[in-house]
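Enquirer: Dropping a structure here in structure tokens format, bear with me for questions.
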Amino acid sequence: MFPWLEKPWKVWLDTFNSGRVPNSIIVSGADGLGKKTFARNMGSLFLCENPKPDGYCGKCHSCLMLADGTHPDALIIGEGENSTISIDAVRKIGGLVSETPRFGVGKLVIIYNAENMSEAAANALLKVLEEPVGRVLFILTTDDIHRLLPTVLSRSRILRVDSPDFESAKAWMYQNISGDLPNLRYYYRLCGSSPVQTLHFVENDMGKYLDALITSFREFLGDPSAAVDVLDAIDAYLAQAASWLHDNISKPDVIYRLFYFCLHDVYARKVLQNEKASLILGRISPDNPLMRLNGETIVRLMEDLQDIRDPDGAIPSGMLRLRVLDWLNRAAASF
């Protein structure tokens, strides 16, 4: 188990051992923290025939069947990262919960990426949660708890999985990384403070392409005519990302994060007078164009970045290039 999961696991252990297991639990946290495996481990303890004070046994028939996906008292929905969870998928829950448990322990429903439920599916789930169905545990995982229906939230206990601070994450990552990476802190921020995603980022040599993008943006600040170099650096980054990124992190979204954090850091240094604020752009002089902007202009440019944000991966690469160019022109016009 990842070290940052130890605290929420203890919360779950205490809840289970107290005998006060709620009907529904939402496991919430950023993408890439291991919430799916964590939810399955929670379910293993719930259905285990010989639970131990520190967890499930992993050896009983129930544990083995859940591990290989054949447990008759368990239903797992939403394993596709970005696929919509339909009402038909949720309706299967009704059939499961109406049956007597085959092993006499209880029944388990896990819904991964619950924010992907259609409105009809969420309402169907709500009806199941409202009905007394015996000893059933619903575990929902989500990267974005704000997209869940308030009524579903009100009927569930929330178990938060927090991203570890950078120093803790760094210690874990360097168990799997050779050599020194001076920009690892920035990679971590741009990967949503996920140690797992950051490790994948490094292993797939993305740092080299991101460093080139940061350099091109820094040069653009001194010479706005160099905007095309920024676009070329983005194209090179995305071409490399296409071979591994898939559903891990939206490709345009990490571009959005780069520009957003550049502005955020400058805002913290210039407007909030936070001298300790780190800068993704490295040391920049007081006469740097960004440092000449007032707080209102910086905030406006941060808001304008929403045009290139694409969590669902729906913006074609050519359109993304045009949107980034438009934003760069707006930024240059503000200098």
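By order of appearance in the structure tokens: chains A, B, ..., then residues from 1 within every chain, and ligands from 1 in the order shown.
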As a PyMOL selection string, please: all residues of segment 45-159 of chain A that backbone DSSP puts in helix (DSSP H, G or I).
Expert: chain A and resi 45-47+61-68+87-97+114-116+119-130+145-147+150-154
Enquirer: Could you write those residues out with N, CA and C atoms, as a short mmCIF file (atom, residue, chain, number, x, y, z; two decimals), in the first residue's frame?
Expert:
data_model
loop_
_atom_site.label_atom_id
_atom_site.label_comp_id
_atom_site.auth_asym_id
_atom_site.auth_seq_id
_atom_site.Cartn_x
_atom_site.Cartn_y
_atom_site.Cartn_z
N LEU A 45 -11.88 -6.26 2.88
CA LEU A 45 -12.06 -6.37 4.32
C LEU A 45 -13.53 -6.57 4.67
N PHE A 46 -14.41 -5.86 3.97
CA PHE A 46 -15.85 -5.96 4.24
C PHE A 46 -16.37 -7.37 3.99
N LEU A 47 -15.89 -8.02 2.93
CA LEU A 47 -16.40 -9.35 2.57
C LEU A 47 -15.55 -10.49 3.13
N HIS A 61 -11.88 -17.89 0.74
CA HIS A 61 -12.50 -18.03 -0.57
C HIS A 61 -13.04 -16.68 -1.05
N SER A 62 -13.60 -15.90 -0.14
CA SER A 62 -14.16 -14.61 -0.50
C SER A 62 -13.08 -13.65 -0.99
N CYS A 63 -11.96 -13.57 -0.29
CA CYS A 63 -10.86 -12.69 -0.68
C CYS A 63 -10.32 -13.08 -2.05
N LEU A 64 -10.15 -14.38 -2.27
CA LEU A 64 -9.58 -14.85 -3.53
C LEU A 64 -10.51 -14.57 -4.71
N MET A 65 -11.81 -14.77 -4.50
CA MET A 65 -12.76 -14.52 -5.59
C MET A 65 -12.86 -13.03 -5.91
N LEU A 66 -12.84 -12.17 -4.89
CA LEU A 66 -12.89 -10.73 -5.16
C LEU A 66 -11.64 -10.31 -5.91
N ALA A 67 -10.51 -10.90 -5.57
CA ALA A 67 -9.24 -10.54 -6.22
C ALA A 67 -9.26 -10.90 -7.70
N ASP A 68 -9.90 -12.01 -8.06
CA ASP A 68 -9.92 -12.39 -9.48
C ASP A 68 -11.21 -12.00 -10.19
N ILE A 87 -27.34 4.38 -16.91
CA ILE A 87 -28.37 3.92 -15.99
C ILE A 87 -28.48 2.40 -16.01
N ASP A 88 -28.20 1.78 -17.17
CA ASP A 88 -28.27 0.33 -17.25
C ASP A 88 -27.23 -0.32 -16.35
N ALA A 89 -26.05 0.30 -16.27
CA ALA A 89 -25.01 -0.25 -15.40
C ALA A 89 -25.44 -0.17 -13.95
N VAL A 90 -26.05 0.95 -13.55
CA VAL A 90 -26.48 1.12 -12.17
C VAL A 90 -27.66 0.21 -11.84
N ARG A 91 -28.50 -0.08 -12.83
CA ARG A 91 -29.66 -0.95 -12.59
C ARG A 91 -29.24 -2.37 -12.18
N LYS A 92 -28.03 -2.75 -12.58
CA LYS A 92 -27.54 -4.08 -12.18
C LYS A 92 -27.43 -4.20 -10.67
N ILE A 93 -27.27 -3.04 -10.01
CA ILE A 93 -27.13 -3.05 -8.55
C ILE A 93 -28.39 -3.61 -7.90
N GLY A 94 -29.55 -3.23 -8.45
CA GLY A 94 -30.81 -3.70 -7.88
C GLY A 94 -30.90 -5.21 -7.84
N GLY A 95 -30.42 -5.86 -8.90
CA GLY A 95 -30.44 -7.32 -8.92
C GLY A 95 -29.54 -7.92 -7.87
N LEU A 96 -28.38 -7.30 -7.66
CA LEU A 96 -27.45 -7.82 -6.66
C LEU A 96 -27.99 -7.66 -5.25
N VAL A 97 -28.48 -6.48 -4.92
CA VAL A 97 -28.86 -6.22 -3.54
C VAL A 97 -30.16 -6.92 -3.15
N ALA A 114 -17.09 7.80 -9.98
CA ALA A 114 -18.53 8.03 -9.83
C ALA A 114 -18.97 9.35 -10.44
N GLU A 115 -18.05 10.28 -10.64
CA GLU A 115 -18.42 11.55 -11.27
C GLU A 115 -18.83 11.36 -12.72
N ASN A 116 -18.53 10.18 -13.29
CA ASN A 116 -18.90 9.90 -14.67
C ASN A 116 -20.32 9.35 -14.82
N GLU A 119 -26.84 11.68 -15.27
CA GLU A 119 -27.82 12.14 -14.29
C GLU A 119 -28.84 11.06 -13.98
N ALA A 120 -29.26 10.33 -15.02
CA ALA A 120 -30.23 9.24 -14.82
C ALA A 120 -29.63 8.15 -13.95
N ALA A 121 -28.34 7.83 -14.18
CA ALA A 121 -27.68 6.80 -13.38
C ALA A 121 -27.55 7.23 -11.93
N ALA A 122 -27.20 8.50 -11.71
CA ALA A 122 -27.06 9.00 -10.35
C ALA A 122 -28.39 8.96 -9.61
N ASN A 123 -29.48 9.30 -10.30
CA ASN A 123 -30.80 9.25 -9.67
C ASN A 123 -31.21 7.82 -9.37
N ALA A 124 -30.83 6.88 -10.27
CA ALA A 124 -31.13 5.47 -10.02
C ALA A 124 -30.36 4.96 -8.80
N LEU A 125 -29.11 5.39 -8.67
CA LEU A 125 -28.32 5.01 -7.51
C LEU A 125 -28.93 5.57 -6.24
N LEU A 126 -29.41 6.80 -6.32
CA LEU A 126 -30.02 7.43 -5.15
C LEU A 126 -31.20 6.61 -4.64
N LYS A 127 -32.00 6.08 -5.54
CA LYS A 127 -33.16 5.27 -5.13
C LYS A 127 -32.70 4.01 -4.40
N VAL A 128 -31.62 3.41 -4.87
CA VAL A 128 -31.10 2.21 -4.20
C VAL A 128 -30.58 2.56 -2.81
N LEU A 129 -29.90 3.71 -2.70
CA LEU A 129 -29.36 4.12 -1.41
C LEU A 129 -30.48 4.43 -0.41
N GLU A 130 -31.61 4.86 -0.91
CA GLU A 130 -32.72 5.23 -0.03
C GLU A 130 -33.47 4.02 0.51
N ILE A 145 -15.37 15.44 -6.45
CA ILE A 145 -16.54 15.22 -5.61
C ILE A 145 -17.65 16.23 -5.88
N HIS A 146 -17.29 17.37 -6.44
CA HIS A 146 -18.28 18.42 -6.70
C HIS A 146 -19.22 18.06 -7.84
N ARG A 147 -18.87 17.03 -8.61
CA ARG A 147 -19.74 16.62 -9.72
C ARG A 147 -20.75 15.56 -9.30
N PRO A 150 -25.74 16.25 -4.83
CA PRO A 150 -25.75 16.57 -3.39
C PRO A 150 -26.51 15.53 -2.57
N THR A 151 -27.56 14.96 -3.14
CA THR A 151 -28.33 13.95 -2.40
C THR A 151 -27.53 12.67 -2.20
N VAL A 152 -26.70 12.33 -3.17
CA VAL A 152 -25.83 11.16 -3.00
C VAL A 152 -24.77 11.46 -1.94
N LEU A 153 -24.24 12.69 -1.97
CA LEU A 153 -23.26 13.09 -0.96
C LEU A 153 -23.85 13.04 0.44
N SER A 154 -25.11 13.47 0.56
CA SER A 154 -25.73 13.55 1.89
C SER A 154 -26.00 12.17 2.48
#
Enquirer: Tell me, as an mmCIF file with N, CA and C atoms, in the first residue's frame, which residues lie within 12 Å of segment 267-271 of chain A, counting only C-alpha atoms; anything in the same chain fewer than 4 positions away does not count.
Expert:
data_model
loop_
_atom_site.group_PDB
_atom_site.id
_atom_site.type_symbol
_atom_site.label_atom_id
_atom_site.label_comp_id
_atom_site.auth_asym_id
_atom_site.auth_seq_id
_atom_site.Cartn_x
_atom_site.Cartn_y
_atom_site.Cartn_z
ATOM 1 N N TYR A 260 -0.858 28.280 -15.912
ATOM 2 C CA TYR A 260 -1.577 28.745 -14.719
ATOM 3 C C TYR A 260 -0.612 28.910 -13.546
ATOM 4 N N PHE A 261 0.213 27.904 -13.313
ATOM 5 C CA PHE A 261 1.125 27.980 -12.175
ATOM 6 C C PHE A 261 2.204 29.039 -12.372
ATOM 7 N N CYS A 262 2.614 29.268 -13.623
ATOM 8 C CA CYS A 262 3.565 30.353 -13.874
ATOM 9 C C CYS A 262 2.977 31.673 -13.396
ATOM 10 N N LEU A 263 1.702 31.924 -13.763
ATOM 11 C CA LEU A 263 1.047 33.161 -13.364
ATOM 12 C C LEU A 263 0.755 33.172 -11.866
ATOM 13 N N GLU A 275 7.824 36.149 -0.616
ATOM 14 C CA GLU A 275 9.174 36.027 -1.161
ATOM 15 C C GLU A 275 9.638 34.579 -1.276
ATOM 16 N N LYS A 276 8.953 33.681 -0.562
ATOM 17 C CA LYS A 276 9.351 32.272 -0.594
ATOM 18 C C LYS A 276 8.647 31.489 -1.703
ATOM 19 N N ALA A 277 7.723 32.147 -2.389
ATOM 20 C CA ALA A 277 6.995 31.460 -3.454
ATOM 21 C C ALA A 277 7.972 31.008 -4.531
ATOM 22 N N SER A 278 7.935 29.720 -4.841
ATOM 23 C CA SER A 278 8.824 29.206 -5.882
ATOM 24 C C SER A 278 8.278 29.603 -7.249
ATOM 25 N N LEU A 279 9.144 29.689 -8.230
ATOM 26 C CA LEU A 279 8.741 30.083 -9.568
ATOM 27 C C LEU A 279 9.116 28.991 -10.555
ATOM 28 N N ARG A 283 14.444 32.024 -11.657
ATOM 29 C CA ARG A 283 14.647 33.417 -11.258
ATOM 30 C C ARG A 283 14.269 34.357 -12.404
ATOM 31 N N ILE A 284 13.387 35.289 -12.113
ATOM 32 C CA ILE A 284 13.042 36.284 -13.120
ATOM 33 C C ILE A 284 13.258 37.666 -12.509
ATOM 34 N N SER A 285 13.797 38.559 -13.301
ATOM 35 C CA SER A 285 14.154 39.885 -12.807
ATOM 36 C C SER A 285 12.906 40.739 -12.612
ATOM 37 N N PRO A 286 13.017 41.809 -11.812
ATOM 38 C CA PRO A 286 11.865 42.698 -11.576
ATOM 39 C C PRO A 286 11.324 43.334 -12.850
ATOM 40 N N ASP A 287 12.176 43.483 -13.898
ATOM 41 C CA ASP A 287 11.686 44.095 -15.131
ATOM 42 C C ASP A 287 11.125 43.070 -16.113
ATOM 43 N N ASN A 288 11.013 41.802 -15.686
ATOM 44 C CA ASN A 288 10.372 40.793 -16.518
ATOM 45 C C ASN A 288 8.928 41.235 -16.802
ATOM 46 N N LEU A 290 6.109 39.783 -16.902
ATOM 47 C CA LEU A 290 5.102 39.282 -15.961
ATOM 48 C C LEU A 290 5.136 40.065 -14.657
ATOM 49 N N MET A 291 6.324 40.418 -14.212
ATOM 50 C CA MET A 291 6.451 41.140 -12.957
ATOM 51 C C MET A 291 5.949 42.577 -13.073
ATOM 52 N N ARG A 292 5.785 43.063 -14.304
ATOM 53 C CA ARG A 292 5.274 44.423 -14.484
ATOM 54 C C ARG A 292 3.743 44.463 -14.478
ATOM 55 N N LEU A 293 3.109 43.294 -14.575
ATOM 56 C CA LEU A 293 1.650 43.245 -14.607
ATOM 57 C C LEU A 293 1.071 43.496 -13.216
ATOM 58 N N ASN A 294 -0.081 44.166 -13.173
ATOM 59 C CA ASN A 294 -0.752 44.327 -11.885
ATOM 60 C C ASN A 294 -1.572 43.070 -11.568
ATOM 61 N N GLY A 295 -2.013 42.970 -10.343
ATOM 62 C CA GLY A 295 -2.725 41.772 -9.901
ATOM 63 C C GLY A 295 -3.967 41.493 -10.706
ATOM 64 N N GLU A 296 -4.718 42.521 -11.055
ATOM 65 C CA GLU A 296 -5.961 42.342 -11.810
ATOM 66 C C GLU A 296 -5.691 41.733 -13.179
ATOM 67 N N THR A 297 -4.641 42.190 -13.838
ATOM 68 C CA THR A 297 -4.303 41.658 -15.158
ATOM 69 C C THR A 297 -3.851 40.209 -15.068
ATOM 70 N N ILE A 298 -3.079 39.872 -14.038
ATOM 71 C CA ILE A 298 -2.631 38.492 -13.861
ATOM 72 C C ILE A 298 -3.829 37.572 -13.658
ATOM 73 N N VAL A 299 -4.761 37.992 -12.833
ATOM 74 C CA VAL A 299 -5.959 37.184 -12.585
ATOM 75 C C VAL A 299 -6.763 37.007 -13.875
ATOM 76 N N ARG A 300 -6.883 38.074 -14.657
ATOM 77 C CA ARG A 300 -7.632 37.972 -15.913
ATOM 78 C C ARG A 300 -6.973 36.974 -16.860
ATOM 79 N N LEU A 301 -5.653 37.003 -16.952
ATOM 80 C CA LEU A 301 -4.952 36.052 -17.812
ATOM 81 C C LEU A 301 -5.117 34.623 -17.307
ATOM 82 N N MET A 302 -5.173 34.450 -15.996
ATOM 83 C CA MET A 302 -5.408 33.121 -15.435
ATOM 84 C C MET A 302 -6.812 32.627 -15.804
#
Enquirer: Check the smallest atom-to-atom distance from each of A:Gly55, A:Gly29, A:Gly179, A:Gly106 to Asp14 of chain A using only C-alpha atoms, then report the winner.
Expert: A:Gly55
Enquirer: Hey, what's within 8 Å of Pro8 of chain A if we count only C-alpha atoms and toss same-chain stuff fewer than 3 positions away? As a CSV table (one decimal) with C-alpha atoms, in the first residue's frame, please?
Expert:
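around-v2.csv was written with the following content:
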chain,number,residue,atom,x,y,z
A,5,LEU,CA,-2.9,5.7,2.0
A,11,VAL,CA,-9.7,5.4,9.4
A,12,TRP,CA,-11.4,2.6,7.5
A,159,LEU,CA,-13.2,9.3,3.2
A,160,ARG,CA,-10.6,11.7,1.9
A,161,VAL,CA,-7.3,10.6,0.3
Enquirer: For Arg20 of chain A, which residue among A:Leu181, A:Ile85, A:Leu137, A:Ala74 is the nearest when counting only C-alpha atoms?
Expert: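 Among the listed residues, A:Leu137 lies closest to Arg20 of chain A.
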